[in-house]
Amino acid sequence: MELWVSYTLRIGVSIAAAVILLGVVLYVIQGSSGAGHLQSMDDLKPGRDNTIDVSWTSIRDGLKDFQAIAIIQVGLLILLLTPVTRVALTLLLFLRDRDRIFAIITAVVLTILLLGFFGIV
Amino acid sequence: MSIELFVVVMFLSAIGAGMLGSLVGLGGGILIVPILTIGFGVDIHLAIGASIISVIATSSGAAAAFVRDHMTNIRVAMLLELATSFGAVSGAIVAAWLNPKLLFFLFGGILLFSVFPMIKKLGEEIPKGVVNDEWADRLRLNSYYPDRKHGVVHYNVTRVPLGFVMMYVAGVVSGLLGIGSGALKVLAMDTAMRLPIKVSSATSNFMIGVTAAASSGIYFWRGDIVPEIAAPVALGVLAGATLGARLLVRFRSETIRRIFIVVLVIVAVQMFLKGLGVVA
């Protein structure tokens, strides 16, 4: 079981890295005409006038068109999900051992992480 | 500078930061925000967003190895993650409202703080005379680990409430500044809870990813994690950390550590100056 925890961490990060890399390659191919691509460094500086709207809908629509930005965002979400999965596995570990206090502690941590992941907090 | 060139240069810088970080045993995340803000003039809020998500990438690789080696105390980690994840969420929420100048200032302070454990080695390898406190007893936090030199080492855990509060602070700092705050985590486990140093560092590494994930979601949906920054940073730091871990076997040099200390101090001064508004 501890090995599982170890594997989740490695596999999750590898998948995330691969998806992000795919997004970067597409980003370069689509060039500055790609949807949602920033046009200049000024968009990253303090006092920039653009705000980036991120939502599940924007990511889903972007994925339909193979937009590089959406693919990178999915990669980043997979990266974010890696520790979440790890905590979920740890919860199973404590449930298996009938360790009530630690199952509850882990469930609370998992809830905080999921609220963040789904954008509820 | 065009965005494309920025992405390439940032990727290369992140490799450097990740490599240096793993060579001296810091996450490497600590250099990302200064590189982005001082080096490229990026808004500090966006720099923090990119940094925090890259912290997940580097910590996960290291954590995997430590879990396998049974160095990590998973019960201690889970209990303290309760504190760090609440802290990280508070930090991430507060960060949005804070004046960038204050963020620069705090970051400078944290940089200086991380230098101390590098000058004076923290902690005893195996602390003596530690007795479980009431909490450690009730939660069965004491454990053991295999050691090549000392055989199986059994250890106790003390001052759990103090460690818990310190961990909340570590979480706030992580969520606020986009770093793993490993130095603070080790400090809490080492000085307050008196865990063996190997267990402290392994458990800290294990916790960093969860702490970072707790605030990353907030940054992500707020639009502070810009793909153009986060992608090269995450991939670069990950590649750099992997390379660094390989190199570590070949040259674990005092020189690198000294260079890094100097770099950290210089960067800290620059962050302070930015916080004061002396440097634009």
# chains A, B, ... in the order shown; residues from 1 in each chain; ligands from 1
>>> interface_residues(of="chain A", to="chain B", cutoff="6 Å", atoms="only C-alpha atoms", output="VMD selection string")
chain A and resid 6 9 to 10 40 to 41 44 to 46 52 to 54 80 83 109 113 116 to 117 119
>>> select_by_dssp(residues="range 67-274 of chain B", states="helix (DSSP H, G or I)", output="PyMOL selection string")
chain B and resi 67-68+74-97+100-119+134-138+160-177+182-192+197-222+227-250+254-274
>>> closest_residue(among="B:Val55, B:Ala77, B:Met271, B:Gly277", to="Ile105 in chain A", atoms="only C-alpha atoms")
B:Ala77
>>> residues_around(residues="range 58-60 of chain A", least_positions_apart="5", cutoff="10 Å", atoms="only C-alpha atoms", output="ChimeraX atom specification")
/A:53,65-67,69-74
